[in-house]
file query-v4.cif (mmCIF, C-alpha atoms)
data_run
loop_
_atom_site.label_atom_id
_atom_site.label_comp_id
_atom_site.auth_asym_id
_atom_site.auth_seq_id
_atom_site.Cartn_x
_atom_site.Cartn_y
_atom_site.Cartn_z
CA MET A 20 -73.99 23.99 15.74
CA ALA A 21 -74.89 20.43 14.73
CA ARG A 22 -73.70 21.17 11.20
CA LEU A 23 -70.38 22.46 12.53
CA VAL A 24 -69.89 19.33 14.67
CA LEU A 25 -70.72 17.15 11.67
CA SER A 26 -68.19 19.02 9.52
CA LEU A 27 -65.51 18.58 12.19
CA LEU A 28 -66.26 14.87 12.42
CA VAL A 29 -65.96 14.52 8.65
CA LEU A 30 -62.62 16.38 8.67
CA LEU A 31 -61.39 14.17 11.51
CA GLN A 32 -62.42 11.08 9.58
CA ILE A 33 -60.59 12.29 6.47
CA TRP A 34 -57.47 12.97 8.57
CA LEU A 35 -57.60 9.53 10.15
CA ILE A 36 -57.93 7.93 6.73
CA SER A 37 -55.02 9.88 5.21
CA GLU A 38 -52.72 9.65 8.26
CA SER A 39 -51.71 6.49 10.09
CA GLN A 40 -48.89 5.71 12.48
CA LEU A 41 -47.07 2.55 13.45
CA VAL A 42 -44.64 2.36 16.38
CA VAL A 43 -42.20 -0.56 16.32
CA ASN A 44 -39.52 -1.74 18.75
CA VAL A 45 -36.44 -2.73 16.76
CA LYS A 46 -33.18 -4.36 17.86
CA ASN A 47 -30.30 -2.69 16.01
CA GLY A 48 -26.96 -4.16 15.02
CA GLY A 49 -25.45 -3.34 18.42
CA GLY A 50 -28.20 -5.12 20.31
CA GLU A 51 -29.89 -1.87 21.44
CA ILE A 52 -33.65 -1.38 21.21
CA VAL A 53 -34.81 1.65 19.25
CA HIS A 54 -38.37 2.83 18.75
CA GLU A 55 -39.25 3.47 15.12
CA THR A 56 -42.24 5.62 14.27
CA ILE A 57 -43.62 5.12 10.77
CA ASN A 58 -46.26 7.50 9.39
CA ALA A 59 -48.10 6.94 6.11
CA ASN A 60 -49.93 9.77 4.39
CA THR A 61 -52.05 8.46 1.54
CA THR A 62 -53.16 11.93 0.46
CA GLU A 63 -49.60 13.15 -0.17
CA ASP A 64 -48.41 9.61 -1.01
CA THR A 65 -45.54 9.75 1.46
CA ILE A 66 -44.07 7.62 4.23
CA LYS A 67 -42.03 9.05 7.09
CA LEU A 68 -39.89 6.77 9.28
CA GLU A 69 -38.09 8.21 12.31
CA PHE A 70 -36.07 6.93 15.27
CA LYS A 71 -33.58 8.12 17.87
CA LYS A 72 -30.28 6.35 18.36
CA ALA A 73 -28.68 5.68 21.75
CA ASP A 74 -26.22 8.58 21.25
CA GLY A 75 -29.08 11.03 20.66
CA THR A 76 -28.82 11.13 16.87
CA ILE A 77 -32.25 11.45 15.24
CA VAL A 78 -32.70 9.80 11.84
CA THR A 79 -35.66 10.57 9.57
CA GLN A 80 -36.43 8.90 6.25
CA LEU A 81 -39.11 10.53 4.10
CA ILE A 82 -40.23 8.77 0.91
CA ASP A 83 -42.07 10.81 -1.71
CA PHE A 84 -43.64 8.25 -4.04
CA LYS A 85 -44.92 10.92 -6.44
CA SER A 86 -41.54 12.48 -7.17
CA GLU A 87 -39.61 9.19 -6.78
CA PHE A 88 -37.16 10.72 -4.32
CA GLN A 89 -36.43 10.03 -0.69
CA ILE A 90 -34.80 12.20 1.95
CA PHE A 91 -32.58 10.98 4.77
CA LYS A 92 -32.27 13.59 7.50
CA VAL A 93 -29.71 13.12 10.26
CA MET A 94 -29.53 15.37 13.33
CA VAL A 95 -26.28 14.83 15.23
CA LEU A 96 -25.82 16.30 18.71
CA GLY A 97 -22.95 18.76 18.95
CA GLU A 98 -19.75 17.97 20.84
CA GLU A 99 -19.58 20.95 23.22
CA GLU A 100 -16.06 20.11 24.37
CA ARG A 101 -14.95 20.54 20.75
CA GLY A 102 -16.78 23.82 20.15
CA GLN A 103 -20.09 22.52 18.76
CA THR A 104 -22.87 24.08 20.82
CA GLN A 105 -25.72 23.28 18.39
CA PRO A 106 -26.89 20.05 16.76
CA GLN A 107 -25.65 19.45 13.22
CA VAL A 108 -28.35 18.62 10.66
CA LEU A 109 -27.56 16.77 7.42
CA CYS A 110 -29.85 15.88 4.52
CA PHE A 111 -29.21 13.32 1.78
CA VAL A 112 -31.56 13.14 -1.20
CA THR A 113 -31.54 9.93 -3.25
CA ARG A 114 -33.58 8.33 -5.98
CA PHE A 115 -36.34 6.11 -4.65
CA ILE A 116 -36.45 2.76 -6.40
CA LYS A 117 -39.93 1.33 -6.64
CA ASN A 118 -40.68 -1.82 -4.64
CA GLU A 119 -38.00 -0.98 -2.04
CA PHE A 120 -40.74 -0.07 0.43
CA ILE A 121 -44.43 -0.96 0.50
CA SER A 122 -46.82 1.71 -0.78
CA SER A 123 -48.24 4.41 1.46
CA ASP A 124 -51.68 2.84 1.03
CA ALA A 125 -50.46 -0.60 2.16
CA MET A 126 -48.50 1.00 5.00
CA SER A 127 -51.59 2.84 6.22
CA LYS A 128 -53.40 -0.49 6.65
CA LEU A 129 -50.77 -2.10 8.88
CA ARG A 130 -51.61 -2.55 12.55
CA GLN A 131 -49.33 -3.46 15.46
CA LYS A 132 -50.82 -6.59 17.05
CA ASN A 133 -48.22 -6.80 19.83
CA PRO A 134 -46.86 -3.30 20.59
CA SER A 135 -44.31 -4.55 23.14
CA ALA A 136 -42.71 -7.10 20.79
CA VAL A 137 -39.13 -6.52 19.62
CA ARG A 138 -38.93 -6.84 15.85
CA GLN A 139 -36.05 -8.12 13.77
CA PRO A 140 -35.98 -8.00 9.96
CA GLU A 141 -36.29 -11.11 7.85
CA ASP A 142 -33.82 -9.92 5.19
CA ASN A 143 -30.59 -7.95 5.56
CA LYS A 144 -30.05 -5.91 2.39
CA GLY A 145 -26.48 -5.04 3.37
CA SER A 146 -24.92 -1.64 2.71
CA GLU A 147 -24.68 0.73 -0.27
CA THR A 148 -22.22 3.59 -0.73
CA HIS A 149 -23.56 6.83 -2.20
CA PHE A 150 -21.14 9.59 -3.20
CA GLN A 151 -23.24 12.74 -2.93
CA ASP A 152 -21.47 14.92 -5.48
CA MET A 153 -24.01 17.75 -5.60
CA PRO A 154 -24.69 20.15 -2.70
CA LEU A 155 -28.23 21.55 -2.93
CA ASP A 156 -29.74 24.96 -2.31
CA VAL A 157 -32.98 23.99 -0.57
CA ASP A 158 -34.45 27.47 -1.18
CA THR A 159 -33.80 27.60 -4.94
CA GLY A 160 -35.35 25.07 -7.25
CA ALA A 161 -35.73 22.42 -4.57
CA ARG A 162 -39.47 22.12 -5.23
CA HIS A 163 -38.61 20.72 -8.67
CA ILE A 164 -36.97 17.75 -6.93
CA THR A 165 -39.57 17.12 -4.24
CA PRO A 166 -41.91 19.64 -2.57
CA HIS A 167 -40.97 18.16 0.82
CA LEU A 168 -37.29 19.06 0.56
CA GLN A 169 -37.54 22.66 1.75
CA THR A 170 -39.68 21.75 4.75
CA SER A 171 -37.66 18.70 5.75
CA CYS A 172 -34.21 20.26 5.29
CA HIS A 173 -34.68 23.90 6.29
CA ASP A 174 -32.23 23.31 9.17
CA ALA A 175 -29.65 21.83 6.77
CA ARG A 176 -29.32 24.66 4.26
CA ASP A 177 -25.54 24.30 4.20
CA ALA A 178 -25.54 20.51 4.46
CA THR A 179 -28.00 19.09 1.93
CA TYR A 180 -26.60 16.80 -0.75
CA THR A 181 -27.68 14.64 -3.65
CA LYS A 182 -26.19 12.78 -6.58
CA GLU A 183 -26.43 14.44 -9.99
CA ALA A 184 -26.89 11.08 -11.71
CA ASP A 185 -29.97 10.41 -9.55
CA LEU A 186 -31.59 13.64 -10.72
CA ARG A 187 -31.01 12.78 -14.35
CA VAL A 188 -32.34 9.22 -13.98
CA VAL A 189 -35.54 10.36 -12.25
CA ALA A 190 -36.04 13.12 -14.82
CA ARG A 191 -35.75 10.58 -17.63
CA GLN A 192 -38.05 8.05 -15.96
CA THR A 193 -40.77 10.56 -15.07
CA GLY A 194 -40.59 12.70 -18.19
CA ARG A 195 -39.56 15.75 -16.19
CA SER A 196 -36.86 18.21 -17.19
CA ALA A 197 -33.57 17.86 -15.35
CA THR A 198 -32.73 21.54 -15.86
CA PRO A 199 -34.93 22.93 -13.00
CA MET A 200 -33.61 20.22 -10.68
CA LEU A 201 -30.01 21.04 -11.51
CA GLY A 202 -30.86 24.71 -10.90
CA ALA A 203 -30.78 23.91 -7.18
CA ARG A 204 -27.10 22.97 -7.46
CA LYS A 205 -24.54 24.75 -5.31
CA TYR A 206 -20.81 24.98 -5.93
CA ILE A 207 -19.40 21.47 -6.22
CA PRO A 208 -16.07 21.16 -4.37
CA ALA A 209 -13.44 18.79 -5.63
CA LYS A 210 -13.19 15.43 -3.90
CA GLN A 211 -10.77 15.80 -0.99
CA SER A 212 -8.92 13.42 1.31
CA ARG A 213 -11.00 11.50 3.81
CA CYS A 214 -11.66 13.48 6.99
CA LYS A 215 -10.31 10.62 9.13
CA ASP A 216 -6.96 10.92 7.35
CA ILE A 217 -6.28 14.58 8.23
CA ALA A 218 -5.65 16.17 11.62
CA ASN A 219 -6.38 19.86 10.94
CA LEU A 220 -10.00 20.62 11.84
CA TRP A 221 -10.09 23.59 9.43
CA LEU A 222 -9.18 21.83 6.20
CA PRO A 223 -11.75 20.58 3.64
CA CYS A 224 -12.24 16.83 3.38
CA THR A 225 -14.62 14.05 2.35
CA CYS A 226 -16.89 12.96 5.17
CA GLN A 227 -18.76 9.69 5.64
CA THR A 228 -22.07 9.28 7.43
CA GLN A 229 -23.81 5.93 7.73
CA VAL A 230 -27.59 5.64 7.94
CA CYS A 231 -29.04 2.23 8.82
CA ILE A 232 -32.76 1.54 8.80
CA GLY A 233 -33.01 -1.48 11.07
CA TRP A 234 -36.56 -2.56 10.20
CA TYR A 235 -38.97 -1.53 7.48
CA PRO A 236 -41.72 -3.18 5.40
CA CYS A 237 -39.97 -3.84 2.11
CA GLY A 238 -42.63 -5.93 0.39
CA LEU A 239 -45.92 -7.75 0.59
CA LYS A 240 -46.32 -11.47 1.11
CA TYR A 241 -48.83 -13.47 -0.88
CA CYS A 242 -50.25 -16.87 -0.02
CA ARG A 243 -52.07 -19.33 -2.25
CA GLY A 244 -55.47 -20.77 -1.48
CA LYS A 245 -58.53 -22.23 -3.11
CA ASP A 246 -62.01 -20.79 -3.40
CA GLN A 247 -65.23 -22.71 -2.75
CA ALA A 248 -65.09 -24.14 -6.24
CA GLY A 249 -61.58 -25.42 -5.66
CA LYS A 250 -60.00 -22.85 -7.99
CA PRO A 251 -56.56 -21.64 -6.78
CA PHE A 252 -56.02 -17.96 -6.06
CA SER A 253 -53.45 -15.81 -4.29
CA TYR A 254 -54.13 -13.31 -1.53
CA ARG A 255 -52.10 -10.86 0.56
CA CYS A 256 -51.18 -12.51 3.83
CA GLY A 257 -48.49 -10.36 5.42
CA ILE A 258 -45.42 -8.22 4.86
CA LYS A 259 -41.74 -8.87 4.28
CA THR A 260 -39.37 -6.85 6.48
CA CYS A 261 -35.82 -5.73 5.70
CA ARG A 262 -32.79 -3.93 7.06
CA LYS A 263 -30.57 -1.72 4.92
CA CYS A 264 -27.59 0.59 5.47
CA ARG A 265 -26.39 3.46 3.31
CA LEU A 266 -22.97 5.06 3.57
CA PHE A 267 -23.06 8.65 2.33
CA GLU A 268 -19.83 10.32 1.19
CA TYR A 269 -19.81 14.09 0.67
CA ALA A 270 -17.45 17.06 0.75
CA VAL A 271 -17.34 19.39 3.76
CA LYS A 272 -15.59 22.75 4.04
CA PHE A 273 -13.92 21.80 7.31
CA LYS A 274 -13.23 18.58 9.21
CA HIS A 275 -14.88 20.36 12.14
CA TYR A 276 -18.20 19.39 10.52
CA CYS A 277 -17.28 15.70 10.45
CA LEU A 278 -15.94 14.89 13.89
CA TRP A 279 -17.53 11.41 13.98
CA ASP A 280 -15.60 10.13 10.94
CA ASN A 281 -12.48 8.83 12.64
#

call {"tool": "encode", "arguments": {"input": "query-v4.cif", "output": "structure tokens"}}
result
Amino acid sequence: MARLVLSLLVLLQIWLISESQLVVNVKNGGGEIVHETINANTTEDTIKLEFKKADGTIVTQLIDFKSEFQIFKVMVLGEEERGQTQPQVLCFVTRFIKNEFISSDAMSKLRQKNPSAVRQPEDNKGSETHFQDMPLDVDTGARHITPHLQTSCHDARDATYTKEADLRVVARQTGRSATPMLGARKYIPAKQSRCKDIANLWLPCTCQTQVCIGWYPCGLKYCRGKDQAGKPFSYRCGIKTCRKCRLFEYAVKFKHYCLWDN
């Protein structure tokens, strides 16, 4: 019995070391307070950031440092008065550029000194537009992109997108073959008119969805000091925080799946 208890304690210790969570109160661009939950998993080398917007939309960002991809998952509540009885789930897969976010190891060491404080970022990174020209089949070949894609986007099988150029860049940088990644490609529809410019709900169009991460640790801060011998040295003394928006453009079969883009 004592051995079993010891084993459980060891497993719990390993779990605590590999998993850590930070909850942060963030003021968004509209002045509303949202609660961001940031989980770092050092074993899988991932970071998961999640928050719920005032309108009920749930946004999840998952960074896979090993594969150099990140997933943005957006769950939008349905508009029942317009025939949407279920939430709509979207997934956008993009290349992760190193040094855009602190490492999972550094993230796991952060602690919230004042949990009730409202945080605002030091640096606004502005907005980027990403045309997601490649719908993905999350059940076929997705593991070649990132093993977390199928789990994260199983509710977005018909609404998961990426950019072909991103797949090729990551393949070149990591020495992986782009062929298995491209094997997850679905039929690529031609670029259509913007959804906001057409009235018929049952025509294809190009939708836009904006994802803004209002606060995240985007870098480490280093300070300079002197040791006992008077020799200068630098040491880590904090984090730099940022805000960044991404505007995703992608083709939908019907405007009915893009009612927010007006």

call {"tool": "resolve_selection", "arguments": {"input": "query-v4.cif", "expression": "the PyMOL selection byres ((chain A and resi 143-151) around 9)", "output": "JSON list (two decimals) with C-alpha atoms, keeping the file's coordinate frame"}}
result
[["chain", "number", "residue", "atom", "x", "y", "z"],
["A", 111, "PHE", "CA", -29.21, 13.32, 1.78],
["A", 112, "VAL", "CA", -31.56, 13.14, -1.20],
["A", 113, "THR", "CA", -31.54, 9.93, -3.25],
["A", 140, "PRO", "CA", -35.98, -8.00, 9.96],
["A", 141, "GLU", "CA", -36.29, -11.11, 7.85],
["A", 142, "ASP", "CA", -33.82, -9.92, 5.19],
["A", 152, "ASP", "CA", -21.47, 14.92, -5.48],
["A", 153, "MET", "CA", -24.01, 17.75, -5.60],
["A", 154, "PRO", "CA", -24.69, 20.15, -2.70],
["A", 180, "TYR", "CA", -26.60, 16.80, -0.75],
["A", 181, "THR", "CA", -27.68, 14.64, -3.65],
["A", 182, "LYS", "CA", -26.19, 12.78, -6.58],
["A", 183, "GLU", "CA", -26.43, 14.44, -9.99],
["A", 229, "GLN", "CA", -23.81, 5.93, 7.73],
["A", 231, "CYS", "CA", -29.04, 2.23, 8.82],
["A", 233, "GLY", "CA", -33.01, -1.48, 11.07],
["A", 260, "THR", "CA", -39.37, -6.85, 6.48],
["A", 261, "CYS", "CA", -35.82, -5.73, 5.70],
["A", 262, "ARG", "CA", -32.79, -3.93, 7.06],
["A", 263, "LYS", "CA", -30.57, -1.72, 4.92],
["A", 264, "CYS", "CA", -27.59, 0.59, 5.47],
["A", 265, "ARG", "CA", -26.39, 3.46, 3.31],
["A", 266, "LEU", "CA", -22.97, 5.06, 3.57],
["A", 267, "PHE", "CA", -23.06, 8.65, 2.33],
["A", 268, "GLU", "CA", -19.83, 10.32, 1.19],
["A", 269, "TYR", "CA", -19.81, 14.09, 0.67],
["A", 270, "ALA", "CA", -17.45, 17.06, 0.75]]

call {"tool": "resolve_selection", "arguments": {"input": "query-v4.cif", "expression": "the PyMOL selection byres ((chain A and resi 41) around 7)", "output": "PyMOL selection string"}}
result
chain A and resi 39-40+42-43+56-58+130-131

call {"tool": "closest_residue", "arguments": {"input": "query-v4.cif", "among": "A:Cys172, A:Val188, A:Val53, A:Ile232", "to": "Lys72 (chain A)", "atoms": "all atoms listed in the file"}}
result
A:Val53

call {"tool": "closest_atom_pairs", "arguments": {"input": "query-v4.cif", "of": "region 165-246 of chain A", "to": "region 271-278 of chain A", "cutoff": "9 Å", "atoms": "all atoms listed in the file", "output": "JSON lines"}}
result
{"residue": "A:Ala178", "atom": "CA", "partner": "A:Val271", "partner_atom": "CA", "distance": 8.3}
{"residue": "A:Pro208", "atom": "CA", "partner": "A:Val271", "partner_atom": "CA", "distance": 8.4}
{"residue": "A:Gln211", "atom": "CA", "partner": "A:Val271", "partner_atom": "CA", "distance": 8.9}
{"residue": "A:Cys214", "atom": "CA", "partner": "A:Lys274", "partner_atom": "CA", "distance": 5.8}
{"residue": "A:Lys215", "atom": "CA", "partner": "A:Lys274", "partner_atom": "CA", "distance": 8.5}
{"residue": "A:Ile217", "atom": "CA", "partner": "A:Lys274", "partner_atom": "CA", "distance": 8.1}
{"residue": "A:Ala218", "atom": "CA", "partner": "A:Lys274", "partner_atom": "CA", "distance": 8.3}
{"residue": "A:Asn219", "atom": "CA", "partner": "A:Lys274", "partner_atom": "CA", "distance": 7.2}
{"residue": "A:Leu220", "atom": "CA", "partner": "A:Lys274", "partner_atom": "CA", "distance": 4.6}
{"residue": "A:Trp221", "atom": "CA", "partner": "A:Phe273", "partner_atom": "CA", "distance": 4.7}
{"residue": "A:Leu222", "atom": "CA", "partner": "A:Phe273", "partner_atom": "CA", "distance": 4.9}
{"residue": "A:Pro223", "atom": "CA", "partner": "A:Lys272", "partner_atom": "CA", "distance": 4.4}
{"residue": "A:Cys224", "atom": "CA", "partner": "A:Val271", "partner_atom": "CA", "distance": 5.7}
{"residue": "A:Thr225", "atom": "CA", "partner": "A:Val271", "partner_atom": "CA", "distance": 6.2}
{"residue": "A:Cys226", "atom": "CA", "partner": "A:Cys277", "partner_atom": "CA", "distance": 6.0}
{"residue": "A:Gln227", "atom": "CA", "partner": "A:Cys277", "partner_atom": "CA", "distance": 7.8}
{"residue": "A:Thr228", "atom": "CA", "partner": "A:Cys277", "partner_atom": "CA", "distance": 8.6}

call {"tool": "atom_distance", "arguments": {"input": "query-v4.cif", "atom1": "CA of Asp174 (chain A)", "atom2": "CA of Asp74 (chain A)"}}
result
20.0 Å

call {"tool": "closest_residue", "arguments": {"input": "query-v4.cif", "among": "A:Ile66, A:Val108, A:Val189, A:Val230", "to": "Phe120 (chain A)", "atoms": "all atoms listed in the file"}}
result
A:Ile66

call {"tool": "atom_distance", "arguments": {"input": "query-v4.cif", "atom1": "CA of Thr61 (chain A)", "atom2": "CA of Leu81 (chain A)"}}
result
13.4 Å

call {"tool": "closest_residue", "arguments": {"input": "query-v4.cif", "among": "A:Cys237, A:Arg213, A:Thr79, A:Thr170", "to": "Asn118 (chain A)", "atoms": "only C-alpha atoms"}}
result
A:Cys237

call {"tool": "atom_distance", "arguments": {"input": "query-v4.cif", "atom1": "CA of Val45 (chain A)", "atom2": "CA of Trp234 (chain A)"}}
result
6.6 Å

call {"tool": "resolve_selection", "arguments": {"input": "query-v4.cif", "expression": "the PyMOL selection byres ((chain A and resi 204) around 10)", "output": "PyMOL selection string"}}
result
chain A and resi 153-157+159-161+180-181+183+199-203+205-207

call {"tool": "closest_residue", "arguments": {"input": "query-v4.cif", "among": "A:Gly75, A:Arg114, A:Leu129, A:Lys250", "to": "Gly97 (chain A)", "atoms": "all atoms listed in the file"}}
result
A:Gly75

call {"tool": "closest_residue", "arguments": {"input": "query-v4.cif", "among": "A:Ser86, A:Thr179, A:Gln139, A:Ser127", "to": "Thr165 (chain A)", "atoms": "all atoms listed in the file"}}
result
A:Ser86

call {"tool": "closest_residue", "arguments": {"input": "query-v4.cif", "among": "A:Ala59, A:Cys242, A:Ile164, A:Ala209", "to": "Ser196 (chain A)", "atoms": "only C-alpha atoms"}}
result
A:Ile164

call {"tool": "decode", "arguments": {"input": "query-v4.cif", "residues": "region 198-209 of chain A", "atoms": "N, CA and C atoms", "output": "PDB file, in the first residue's frame"}}
result
ATOM      1  N   THR A 198       4.943  16.487 -48.808  1.00  0.00           N
ATOM      2  CA  THR A 198       3.949  15.629 -49.459  1.00  0.00           C
ATOM      3  C   THR A 198       2.914  15.061 -48.493  1.00  0.00           C
ATOM      4  N   PRO A 199       3.324  14.461 -47.338  1.00  0.00           N
ATOM      5  CA  PRO A 199       2.300  13.960 -46.396  1.00  0.00           C
ATOM      6  C   PRO A 199       1.410  15.070 -45.848  1.00  0.00           C
ATOM      7  N   MET A 200       1.974  16.256 -45.641  1.00  0.00           N
ATOM      8  CA  MET A 200       1.165  17.372 -45.157  1.00  0.00           C
ATOM      9  C   MET A 200       0.109  17.756 -46.186  1.00  0.00           C
ATOM     10  N   LEU A 201       0.539  17.850 -47.438  1.00  0.00           N
ATOM     11  CA  LEU A 201      -0.391  18.236 -48.497  1.00  0.00           C
ATOM     12  C   LEU A 201      -1.417  17.146 -48.763  1.00  0.00           C
ATOM     13  N   GLY A 202      -1.124  15.922 -48.286  1.00  0.00           N
ATOM     14  CA  GLY A 202      -2.082  14.821 -48.431  1.00  0.00           C
ATOM     15  C   GLY A 202      -3.348  15.041 -47.631  1.00  0.00           C
ATOM     16  N   ALA A 203      -3.316  15.976 -46.687  1.00  0.00           N
ATOM     17  CA  ALA A 203      -4.505  16.285 -45.893  1.00  0.00           C
ATOM     18  C   ALA A 203      -5.389  17.330 -46.571  1.00  0.00           C
ATOM     19  N   ARG A 204      -4.997  17.726 -47.787  1.00  0.00           N
ATOM     20  CA  ARG A 204      -5.710  18.802 -48.488  1.00  0.00           C
ATOM     21  C   ARG A 204      -7.067  18.323 -49.003  1.00  0.00           C
ATOM     22  N   LYS A 205      -8.068  19.177 -48.818  1.00  0.00           N
ATOM     23  CA  LYS A 205      -9.376  18.949 -49.415  1.00  0.00           C
ATOM     24  C   LYS A 205      -9.483  19.749 -50.714  1.00  0.00           C
ATOM     25  N   TYR A 206     -10.621  19.642 -51.352  1.00  0.00           N
ATOM     26  CA  TYR A 206     -10.879  20.423 -52.563  1.00  0.00           C
ATOM     27  C   TYR A 206     -10.738  21.907 -52.246  1.00  0.00           C
ATOM     28  N   ILE A 207      -9.995  22.614 -53.081  1.00  0.00           N
ATOM     29  CA  ILE A 207      -9.773  24.040 -52.869  1.00  0.00           C
ATOM     30  C   ILE A 207     -10.721  24.833 -53.766  1.00  0.00           C
ATOM     31  N   PRO A 208     -11.728  25.486 -53.178  1.00  0.00           N
ATOM     32  CA  PRO A 208     -12.652  26.281 -54.000  1.00  0.00           C
ATOM     33  C   PRO A 208     -11.995  27.565 -54.477  1.00  0.00           C
ATOM     34  N   ALA A 209     -12.486  28.063 -55.584  1.00  0.00           N
ATOM     35  CA  ALA A 209     -11.955  29.317 -56.102  1.00  0.00           C
ATOM     36  C   ALA A 209     -12.345  30.457 -55.159  1.00  0.00           C
TER      37      ALA A 209
END
